[in-house]
Every structure is written in C-alpha cells, then in structure tokens.
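Shown below: query.txt, with compact mmCIF, C-alpha atoms and all ligand atoms.
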# COMPACT_ATOMS: atom_id res chain seq x y z
CA MET A 1 -47.75 -13.86 -182.97
CA PRO A 2 -51.27 -15.24 -183.56
CA LEU A 3 -54.20 -13.04 -184.48
CA SER A 4 -57.15 -13.24 -182.16
CA PHE A 5 -60.53 -12.56 -183.68
CA ARG A 6 -63.57 -12.77 -181.42
CA SER A 7 -65.32 -14.28 -184.42
CA PRO A 8 -63.72 -15.52 -187.67
CA PRO A 9 -62.57 -12.68 -189.95
CA GLN A 10 -64.97 -11.96 -192.79
CA ALA A 11 -62.98 -9.53 -194.87
CA ALA A 12 -59.53 -8.14 -195.49
CA ILE A 13 -58.66 -4.62 -196.58
CA ILE A 14 -55.30 -4.53 -198.33
CA ASP A 15 -53.07 -1.54 -199.01
CA LEU A 16 -51.53 -1.14 -202.47
CA ASP A 17 -48.16 0.65 -202.63
CA GLY A 18 -45.51 -1.17 -200.64
CA THR A 19 -47.87 -4.06 -199.82
CA LEU A 20 -49.19 -5.53 -203.10
CA VAL A 21 -46.97 -3.76 -205.62
CA ASP A 22 -43.47 -2.27 -205.44
CA THR A 23 -44.18 1.07 -207.11
CA LEU A 24 -41.03 2.95 -206.06
CA GLY A 25 -39.80 2.91 -209.70
CA ASP A 26 -43.06 4.45 -210.94
CA PHE A 27 -43.05 7.18 -208.28
CA THR A 28 -39.40 8.02 -208.97
CA ALA A 29 -39.89 8.12 -212.75
CA ALA A 30 -42.96 10.38 -212.50
CA LEU A 31 -41.12 12.71 -210.11
CA ASP A 32 -38.12 12.75 -212.48
CA ALA A 33 -40.40 13.85 -215.30
CA MET A 34 -41.93 16.51 -213.05
CA ALA A 35 -38.47 17.77 -212.07
CA GLY A 36 -37.43 17.90 -215.74
CA GLU A 37 -40.49 19.95 -216.67
CA LEU A 38 -40.08 22.37 -213.78
CA ARG A 39 -36.26 22.51 -214.10
CA LEU A 40 -35.75 21.24 -210.58
CA PRO A 41 -33.07 18.82 -209.38
CA ALA A 42 -34.07 15.13 -209.48
CA VAL A 43 -34.45 13.25 -206.19
CA SER A 44 -33.11 9.75 -205.57
CA SER A 45 -35.43 6.78 -205.16
CA GLN A 46 -34.10 6.40 -201.59
CA VAL A 47 -35.44 9.87 -200.74
CA VAL A 48 -38.70 9.24 -202.61
CA LYS A 49 -39.21 6.03 -200.63
CA GLY A 50 -39.42 8.02 -197.39
CA PHE A 51 -42.25 10.18 -198.75
CA ILE A 52 -44.56 7.39 -200.04
CA GLY A 53 -47.68 6.40 -198.14
CA LYS A 54 -49.59 9.60 -197.50
CA GLY A 55 -50.85 10.25 -201.04
CA SER A 56 -49.72 12.36 -204.01
CA GLU A 57 -50.22 15.79 -202.38
CA HIS A 58 -47.89 14.89 -199.53
CA LEU A 59 -45.37 13.33 -201.93
CA ILE A 60 -45.20 16.37 -204.20
CA ARG A 61 -45.06 18.87 -201.33
CA SER A 62 -42.30 16.83 -199.64
CA VAL A 63 -40.23 16.68 -202.84
CA LEU A 64 -40.59 20.44 -203.47
CA ALA A 65 -39.48 21.14 -199.87
CA HIS A 66 -36.60 18.66 -200.17
CA VAL A 67 -35.11 20.42 -203.22
CA GLY A 68 -35.77 23.89 -201.77
CA ALA A 69 -38.37 24.83 -204.41
CA PRO A 70 -41.06 27.38 -203.48
CA ALA A 71 -44.41 25.90 -202.39
CA SER A 72 -46.02 28.20 -205.00
CA LEU A 73 -44.82 25.73 -207.67
CA TYR A 74 -47.24 23.13 -206.28
CA GLY A 75 -49.99 23.59 -208.91
CA ARG A 76 -47.61 23.16 -211.84
CA ALA A 77 -45.83 20.31 -210.08
CA TRP A 78 -49.13 18.50 -209.49
CA ASP A 79 -50.12 18.78 -213.17
CA ALA A 80 -46.71 17.61 -214.41
CA TYR A 81 -46.59 14.73 -211.93
CA GLN A 82 -50.13 13.49 -212.59
CA SER A 83 -49.72 13.50 -216.34
CA ALA A 84 -46.35 11.72 -216.14
CA TYR A 85 -47.69 9.14 -213.69
CA ARG A 86 -50.74 8.45 -215.85
CA GLY A 87 -48.41 7.78 -218.80
CA LEU A 88 -46.11 5.32 -217.03
CA ASN A 89 -48.33 3.75 -214.35
CA GLY A 90 -47.12 0.18 -213.77
CA ARG A 91 -44.13 0.31 -216.14
CA PHE A 92 -41.55 0.41 -213.34
CA ALA A 93 -43.60 -1.50 -210.78
CA GLU A 94 -43.69 -5.15 -209.77
CA VAL A 95 -46.05 -7.31 -207.77
CA TYR A 96 -44.22 -8.53 -204.65
CA PRO A 97 -43.46 -12.26 -204.32
CA GLY A 98 -46.15 -14.10 -202.34
CA VAL A 99 -48.95 -11.67 -203.19
CA VAL A 100 -50.86 -13.95 -205.54
CA ASP A 101 -50.64 -16.90 -203.11
CA GLY A 102 -51.61 -14.72 -200.17
CA VAL A 103 -54.63 -13.22 -201.88
CA ARG A 104 -55.69 -16.66 -203.07
CA SER A 105 -55.53 -18.05 -199.53
CA LEU A 106 -57.66 -15.22 -198.18
CA ARG A 107 -60.27 -15.88 -200.86
CA ALA A 108 -60.09 -19.61 -200.13
CA ALA A 109 -60.76 -18.83 -196.45
CA GLY A 110 -63.96 -17.08 -197.58
CA LEU A 111 -62.81 -13.52 -196.92
CA ARG A 112 -64.14 -10.64 -198.98
CA LEU A 113 -61.36 -8.39 -200.25
CA ALA A 114 -61.05 -4.65 -200.72
CA CYS A 115 -58.03 -2.64 -201.76
CA LEU A 116 -57.65 0.66 -199.91
CA THR A 117 -54.81 2.99 -200.86
CA ASN A 118 -53.87 6.63 -200.51
CA LYS A 119 -52.99 6.60 -204.23
CA PRO A 120 -55.55 8.35 -206.48
CA GLY A 121 -58.34 5.87 -207.31
CA GLU A 122 -57.84 6.11 -211.07
CA PHE A 123 -54.16 5.16 -210.78
CA ALA A 124 -54.94 2.39 -208.29
CA ARG A 125 -57.55 0.77 -210.54
CA ASP A 126 -55.31 1.04 -213.63
CA LEU A 127 -52.34 -0.45 -211.75
CA LEU A 128 -54.33 -3.39 -210.37
CA GLU A 129 -55.68 -4.02 -213.88
CA ALA A 130 -52.21 -3.86 -215.45
CA LYS A 131 -50.80 -6.28 -212.90
CA GLY A 132 -53.66 -8.79 -213.16
CA LEU A 133 -54.80 -8.16 -209.58
CA ALA A 134 -58.08 -6.34 -210.30
CA PRO A 135 -60.26 -9.49 -210.30
CA CYS A 136 -59.09 -10.27 -206.74
CA PHE A 137 -60.83 -7.24 -205.26
CA GLU A 138 -64.51 -6.64 -204.86
CA LEU A 139 -63.88 -2.98 -204.04
CA VAL A 140 -61.06 -0.53 -204.69
CA PHE A 141 -60.89 2.84 -202.93
CA GLY A 142 -58.22 5.46 -203.59
CA GLY A 143 -57.02 8.41 -201.53
CA ASP A 144 -59.59 10.62 -203.25
CA ALA A 145 -62.57 8.38 -202.38
CA PHE A 146 -63.22 9.83 -198.93
CA GLU A 147 -62.84 13.16 -197.13
CA ARG A 148 -59.70 12.07 -195.33
CA LYS A 149 -56.88 9.61 -196.04
CA LYS A 150 -55.13 7.01 -193.88
CA PRO A 151 -53.84 7.40 -191.09
CA ASP A 152 -57.33 8.79 -190.40
CA PRO A 153 -59.67 5.87 -189.64
CA LEU A 154 -62.42 7.24 -191.93
CA PRO A 155 -61.35 5.32 -195.08
CA LEU A 156 -61.29 2.03 -193.14
CA VAL A 157 -64.61 2.68 -191.46
CA LYS A 158 -66.16 3.53 -194.86
CA THR A 159 -64.59 0.48 -196.52
CA CYS A 160 -65.97 -1.78 -193.78
CA GLU A 161 -69.38 -0.18 -194.34
CA ALA A 162 -69.13 -0.83 -198.08
CA LEU A 163 -68.11 -4.45 -197.45
CA GLY A 164 -70.87 -4.81 -194.86
CA THR A 165 -68.47 -6.21 -192.26
CA ALA A 166 -67.81 -5.08 -188.70
CA PRO A 167 -64.32 -3.60 -188.15
CA ALA A 168 -63.69 -6.26 -185.48
CA ALA A 169 -64.19 -8.94 -188.15
CA THR A 170 -62.07 -7.14 -190.75
CA LEU A 171 -58.32 -7.43 -191.13
CA MET A 172 -56.14 -4.61 -192.46
CA VAL A 173 -52.96 -5.60 -194.26
CA GLY A 174 -50.49 -2.81 -194.95
CA ASP A 175 -46.89 -1.68 -194.93
CA SER A 176 -46.79 1.51 -192.90
CA ARG A 177 -47.69 3.30 -189.72
CA ASN A 178 -50.48 5.02 -191.69
CA ASP A 179 -52.20 1.67 -192.24
CA ALA A 180 -51.64 0.60 -188.63
CA ALA A 181 -52.87 3.85 -187.05
CA ALA A 182 -55.97 3.90 -189.25
CA ALA A 183 -56.72 0.25 -188.44
CA ARG A 184 -56.24 0.69 -184.69
CA ALA A 185 -58.52 3.73 -184.60
CA ALA A 186 -61.16 1.99 -186.74
CA GLY A 187 -61.08 -1.15 -184.57
CA CYS A 188 -59.62 -3.51 -187.21
CA GLN A 189 -56.77 -5.90 -186.51
CA VAL A 190 -53.69 -5.10 -188.53
CA VAL A 191 -50.88 -7.11 -190.07
CA LEU A 192 -47.89 -5.28 -191.53
CA VAL A 193 -45.50 -6.53 -194.18
CA THR A 194 -41.82 -5.98 -193.47
CA TYR A 195 -40.72 -5.20 -197.04
CA GLY A 196 -42.61 -1.99 -197.89
CA TYR A 197 -42.23 1.72 -197.24
CA ASN A 198 -42.55 3.04 -193.72
CA HIS A 199 -41.09 6.52 -194.08
CA GLY A 200 -37.60 5.12 -193.50
CA GLU A 201 -38.50 3.95 -190.00
CA PRO A 202 -38.30 0.33 -188.76
CA VAL A 203 -41.73 -1.19 -189.41
CA ARG A 204 -41.47 -3.59 -186.47
CA ALA A 205 -41.53 -0.58 -184.12
CA VAL A 206 -45.11 0.17 -185.28
CA ASP A 207 -48.02 -0.94 -183.10
CA ALA A 208 -49.50 -3.86 -185.09
CA ASP A 209 -50.92 -7.33 -184.37
CA ALA A 210 -48.46 -9.26 -186.55
CA PHE A 211 -45.62 -8.78 -189.03
CA ILE A 212 -45.09 -10.92 -192.12
CA ASP A 213 -42.31 -11.11 -194.69
CA SER A 214 -44.68 -12.21 -197.46
CA LEU A 215 -48.45 -12.22 -198.01
CA ALA A 216 -48.07 -15.99 -198.48
CA GLU A 217 -47.85 -16.12 -194.65
CA LEU A 218 -51.41 -14.79 -194.27
CA GLY A 219 -53.16 -18.12 -194.81
CA PRO A 220 -51.28 -19.93 -192.00
CA LEU A 221 -51.60 -16.85 -189.77
CA LEU A 222 -55.39 -16.89 -190.03
CA ARG A 223 -55.49 -20.58 -189.14
CA THR A 224 -53.61 -20.03 -185.83
O1 LIG A 301 -48.80 7.51 -200.92
C1 LIG A 301 -49.33 6.82 -201.81
O2 LIG A 301 -49.79 7.31 -202.86
C2 LIG A 301 -49.41 5.32 -201.64
O3 LIG A 301 -50.15 4.97 -200.58
P1 LIG A 301 -50.57 3.49 -200.10
O4 LIG A 301 -49.39 2.92 -199.38
O5 LIG A 301 -51.73 3.83 -199.21
O6 LIG A 301 -50.96 2.65 -201.30
MG MG A 302 -48.50 1.40 -198.47

Go ahead and render the structure in this file as structure tokens.
Amino acid sequence: MPLSFRSPPQAAIIDLDGTLVDTLGDFTAALDAMAGELRLPAVSSQVVKGFIGKGSEHLIRSVLAHVGAPASLYGRAWDAYQSAYRGLNGRFAEVYPGVVDGVRSLRAAGLRLACLTNKPGEFARDLLEAKGLAPCFELVFGGDAFERKKPDPLPLVKTCEALGTAPAATLMVGDSRNDAAAARAAGCQVVLVTYGYNHGEPVRAVDADAFIDSLAELGPLLRT
C-alpha cells in the first residue's frame, strides 16, 4: 500500500509507547507499586495493555474502575503511580526491533523528526535518553504539552507548527487508533505499526494509509 504525498514528505512525527519502545513492563510495574501502596488488587499486563495510549490519567482511572476502587482514590493513585514510574522508567522497557534502522532511514531521507506521545513529557524525555533515542528527535512533546491529547488533532497541528512543516507533508507513525484519528483530523498521512497497543482491537481495522510490521519498512515505503 504505497503512500501518496503531493510533495515529498518533510517530517515525521513518531509516537512513543507501542511504536518506538515496548513499555508494557514499565506501566505494569508502576501500577503494581500503586496497587501495593493503596492496598488494591494488582492488574495483569494483559489488562494494562488495553488501557495504554490515552495518557496517565486515563490509565489510572481505567485501572481503578477495573478493580472496583472508588474514583475518589484518584489523587492518591496518581501520586503513587507517578512516583513509582519516575523511579523505574525504562527498566522494564525495550526498544522494538527495527526502530534504529527505521529512524536512521527517515533521517537519511532528509526528514525532520519529532516524537509526540500522550505520556507525560518528563517521562518521555527520560525514556528516550535512557534508550539512546533522544538524539534522533529534534522535538519531543508529551501528553502535558498541549491543551488536549491525541486522538484530538491539536497535538499534531502544534507539532507541525513547531517543525515548520505543512500537515500534508508530515507523516505520523503510531500504533493506535488515537494516532490515526489525530493524524486524519490534522491532515497528516498515517502509518501504523502492527505490534503495539491498540486497546485490544485489531490495528488493521483502523483507518490508516499503511501498516508495517517494523519501522525498518519505512525507508522502502517512502521510496514507493
Ligand atoms: O498512554 C500513554 O501514556 C502512552 O501513549 P503513546 O502511545 O501516545 O506514547
Ligand atoms: Mg502508542
């Protein structure tokens, strides 16, 4: 499925969790610590996987609802989760195969790169640093950078503005319907990876321009 740009793409905006780095282990460990502190039952990584992609607030609220805890625990849960996550960020996370090659090929094609995630910016920057990916990105924006998160188009529109590229000349690469919906509404083309987190739903059912099994496929895809 070739991508069709009216003019050659000038930039790529890449999602973090589920696209660049497999962070399910980090999320699960931080939620385990939160559950321990609040004396709540732990949730399995399979359940956690379905809640990733819409930022920490959504994740924590979903976990509290899943275990039948009152929503009034949210403030304490947030504090416990954030402090646990800060302490373990990256320890149970791995860069997906093909990421380094894929990012390199985008840079070699002259594209400017930004990372745009719903994860808090501080955690995103620390994770990229820990995994050696920080130098690849000119800009990094977290879920707290703008008024609204993906799937709202605002973060993509703002990232394009910061890159100085038109949405039509900017490619979004992500793993979920949040990335795809935001890209569509912003006017960016979107490629989804098939290995990430899409709320437990089949990713190929999402409206996107192409699907790839590895970021290493991006270089050839742009040449088609
Ligand atoms: O929900 C999260 O914190 C992760 O979101 P991301 O897929 O946008 O990186
Ligand atoms: Mg993601």

Please identify every residue of chain A that has at least one atom no farther than 7 Å from an atom of ligand LIG 301 (chain A), counting all atoms listed in the file, and for each give the shortest atom pair and the distance in Å to one decimal, arranged by chain then increasing number, as JSON lines.
{"residue": "A:Asp15", "atom": "CA", "partner": "A:LIG301", "partner_atom": "O6", "distance": 5.2}
{"residue": "A:Leu16", "atom": "CA", "partner": "A:LIG301", "partner_atom": "O6", "distance": 4.0}
{"residue": "A:Asp17", "atom": "CA", "partner": "A:LIG301", "partner_atom": "O6", "distance": 3.7}
{"residue": "A:Gly18", "atom": "CA", "partner": "A:LIG301", "partner_atom": "O4", "distance": 5.8}
{"residue": "A:Ile52", "atom": "CA", "partner": "A:LIG301", "partner_atom": "O1", "distance": 4.3}
{"residue": "A:Gly53", "atom": "CA", "partner": "A:LIG301", "partner_atom": "O1", "distance": 3.2}
{"residue": "A:Lys54", "atom": "CA", "partner": "A:LIG301", "partner_atom": "O1", "distance": 4.1}
{"residue": "A:Gly55", "atom": "CA", "partner": "A:LIG301", "partner_atom": "O1", "distance": 3.4}
{"residue": "A:Ser56", "atom": "CA", "partner": "A:LIG301", "partner_atom": "O2", "distance": 5.2}
{"residue": "A:Leu59", "atom": "CA", "partner": "A:LIG301", "partner_atom": "O1", "distance": 6.8}
{"residue": "A:Leu116", "atom": "CA", "partner": "A:LIG301", "partner_atom": "O5", "distance": 6.8}
{"residue": "A:Thr117", "atom": "CA", "partner": "A:LIG301", "partner_atom": "O5", "distance": 3.6}
{"residue": "A:Asn118", "atom": "CA", "partner": "A:LIG301", "partner_atom": "O5", "distance": 3.8}
{"residue": "A:Lys119", "atom": "CA", "partner": "A:LIG301", "partner_atom": "O2", "distance": 3.6}
{"residue": "A:Pro120", "atom": "CA", "partner": "A:LIG301", "partner_atom": "O2", "distance": 6.9}
{"residue": "A:Asp175", "atom": "CA", "partner": "A:LIG301", "partner_atom": "O4", "distance": 6.9}

Contacts of Leu215 (chain A) within 6 Å, all atoms listed in the file, excl. fewer than 5 positions in-chain, as a PyMOL selection string = chain A and resi 98-99+102

Compile the contact shell of Ala11 (chain A) as a ChimeraX atom specification: residues with an atom at most 8 Å away, counting all atoms listed in the file, same-chain residues fewer than 4 positions apart removed.
-> /A:111-114,163,165,169-171

Contact check, region 3-83 of chain A to region 183-200 of chain A, at most 10 Å, counting all atoms listed in the file, closest pairs as a Markdown table:
| residue | atom | partner | partner_atom | distance |
| --- | --- | --- | --- | --- |
| A:Leu3 | CA | A:Gln189 | CA | 7.9 |
| A:Ser4 | CA | A:Gln189 | CA | 8.5 |
| A:Phe5 | CA | A:Gln189 | CA | 8.2 |
| A:Pro9 | CA | A:Gln189 | CA | 9.6 |
| A:Ala12 | CA | A:Cys188 | CA | 9.5 |
| A:Ile13 | CA | A:Val190 | CA | 9.5 |
| A:Ile14 | CA | A:Val191 | CA | 9.7 |
| A:Asp15 | CA | A:Leu192 | CA | 9.8 |
| A:Asp17 | CA | A:Gly196 | CA | 7.8 |
| A:Gly18 | CA | A:Gly196 | CA | 4.1 |
| A:Thr19 | CA | A:Gly196 | CA | 6.0 |
| A:Leu20 | CA | A:Gly196 | CA | 9.1 |
| A:Val21 | CA | A:Gly196 | CA | 9.0 |
| A:Asp22 | CA | A:Gly196 | CA | 7.6 |
| A:Thr23 | CA | A:Gly196 | CA | 9.8 |
| A:Leu24 | CA | A:Tyr197 | CA | 9.0 |
| A:Gln46 | CA | A:Gly200 | CA | 8.9 |
| A:Val47 | CA | A:Gly200 | CA | 8.9 |
| A:Val48 | CA | A:His199 | CA | 9.3 |
| A:Lys49 | CA | A:Tyr197 | CA | 6.3 |
| A:Gly50 | CA | A:His199 | CA | 4.0 |
| A:Phe51 | CA | A:His199 | CA | 6.0 |
| A:Ile52 | CA | A:Tyr197 | CA | 6.7 |
| A:Gly53 | CA | A:Tyr197 | CA | 7.2 |
| A:Lys54 | CA | A:His199 | CA | 9.7 |

Counting only C-alpha atoms and all ligand atoms, figure out which residue out of A:Ala35, A:Pro151, A:Phe211, A:Cys160 gets nearest to ligand MG 302 (chain A).
->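 Closest to ligand MG 302 (chain A), using only C-alpha atoms and all ligand atoms: A:Pro151.
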
Which is closest to ligand MG 302 (chain A) among A:Asp179, A:Asp152, A:Glu129, A:Glu138, if we use all atoms listed in the file?
->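 Checking each candidate against ligand MG 302 (chain A), we get A:Asp179 as the closest.
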
Skip Val206 (chain A) itself and residues of its chain fewer than 3 positions away, then list as a count of residues only all residues within 9 Å of it, counting only C-alpha atoms.
-> 8

Closest of A:Asp213, A:Leu222, A:Arg61, A:Gly143 to ligand MG 302 (chain A) - atom-to-atom distances counting only C-alpha atoms and all ligand atoms | A:Gly143

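Nearest-residue note for ligand MG 302 (chain A): choosing from A:Tyr96, A:Gly174, A:Ser62, A:Gln10, the minimum distance belongs to A:Gly174, counting only C-alpha atoms and all ligand atoms.
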
Quick one: axis-aligned box around all listed atoms of region 192-195 of chain A, 5 Å on every side, centre and edge lengths in Å to one decimal, written as lines of an AutoDock Vina configuration file.
center_x = -44.3
center_y = -5.9
center_z = -194.3
size_x = 17.2
size_y = 11.3
size_z = 15.5

Please measure the separation of CA of Ser83 (chain A) and CA of Glu147 (chain A), giving the value in Å to one decimal.
-> 23.3 Å

Counting all atoms listed in the file, the option among A:Thr28, A:Trp78, A:Ala108, A:Leu156 closest to Pro220 (chain A) =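 The shortest atom-to-atom distance to Pro220 (chain A) comes from A:Ala108.
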
Distance of CA of Phe137 (chain A) from CA of Ala162 (chain A), expressed in Å to one decimal place |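 That distance, rounded to one decimal, is 12.7 Å.
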
Save region 4-26 of chain A to a file: N, CA and C atoms, as a compact mmCIF listing (two decimals), in the first residue's frame.
# COMPACT_ATOMS: atom_id res chain seq x y z
N SER A 4 0.96 8.26 -0.72
CA SER A 4 1.00 9.23 -1.82
C SER A 4 1.03 10.65 -1.26
N PHE A 5 2.21 11.23 -1.31
CA PHE A 5 2.36 12.61 -0.89
C PHE A 5 2.30 13.50 -2.13
N ARG A 6 1.57 14.62 -2.02
CA ARG A 6 1.51 15.54 -3.15
C ARG A 6 2.90 16.12 -3.42
N SER A 7 3.63 16.34 -2.33
CA SER A 7 5.04 16.72 -2.45
C SER A 7 5.81 15.83 -1.48
N PRO A 8 7.12 15.68 -1.64
CA PRO A 8 7.86 14.74 -0.79
C PRO A 8 7.70 15.09 0.70
N PRO A 9 7.57 14.07 1.56
CA PRO A 9 7.40 14.36 2.99
C PRO A 9 8.63 15.07 3.55
N GLN A 10 8.38 15.99 4.44
CA GLN A 10 9.48 16.78 5.02
C GLN A 10 9.76 16.42 6.47
N ALA A 11 8.78 15.79 7.10
CA ALA A 11 8.96 15.47 8.52
C ALA A 11 8.14 14.25 8.89
N ALA A 12 8.55 13.61 9.97
CA ALA A 12 7.76 12.52 10.54
C ALA A 12 7.58 12.78 12.03
N ILE A 13 6.37 12.51 12.49
CA ILE A 13 6.04 12.62 13.91
C ILE A 13 5.81 11.19 14.40
N ILE A 14 6.59 10.78 15.37
CA ILE A 14 6.54 9.37 15.78
C ILE A 14 6.06 9.25 17.23
N ASP A 15 5.13 8.34 17.43
CA ASP A 15 4.58 8.03 18.75
C ASP A 15 5.65 7.26 19.56
N LEU A 16 5.48 7.21 20.86
CA LEU A 16 6.50 6.56 21.70
C LEU A 16 6.07 5.16 22.17
N ASP A 17 5.11 5.10 23.09
CA ASP A 17 4.72 3.81 23.67
C ASP A 17 4.02 2.93 22.63
N GLY A 18 4.54 1.74 22.45
CA GLY A 18 3.92 0.82 21.49
C GLY A 18 4.41 1.00 20.07
N THR A 19 5.21 2.06 19.84
CA THR A 19 5.73 2.31 18.49
C THR A 19 7.27 2.27 18.50
N LEU A 20 7.88 3.08 19.37
CA LEU A 20 9.35 3.08 19.48
C LEU A 20 9.80 2.11 20.57
N VAL A 21 9.10 2.15 21.70
CA VAL A 21 9.53 1.36 22.86
C VAL A 21 8.37 0.55 23.41
N ASP A 22 8.66 -0.72 23.74
CA ASP A 22 7.68 -1.58 24.40
C ASP A 22 7.76 -1.29 25.90
N THR A 23 6.80 -0.52 26.39
CA THR A 23 6.84 -0.03 27.77
C THR A 23 5.81 -0.74 28.66
N LEU A 24 5.22 -1.82 28.15
CA LEU A 24 4.18 -2.51 28.93
C LEU A 24 4.71 -2.93 30.30
N GLY A 25 5.96 -3.39 30.36
CA GLY A 25 6.57 -3.81 31.64
C GLY A 25 6.68 -2.65 32.62
N ASP A 26 7.04 -1.48 32.13
CA ASP A 26 7.14 -0.29 32.99
C ASP A 26 5.76 0.10 33.54
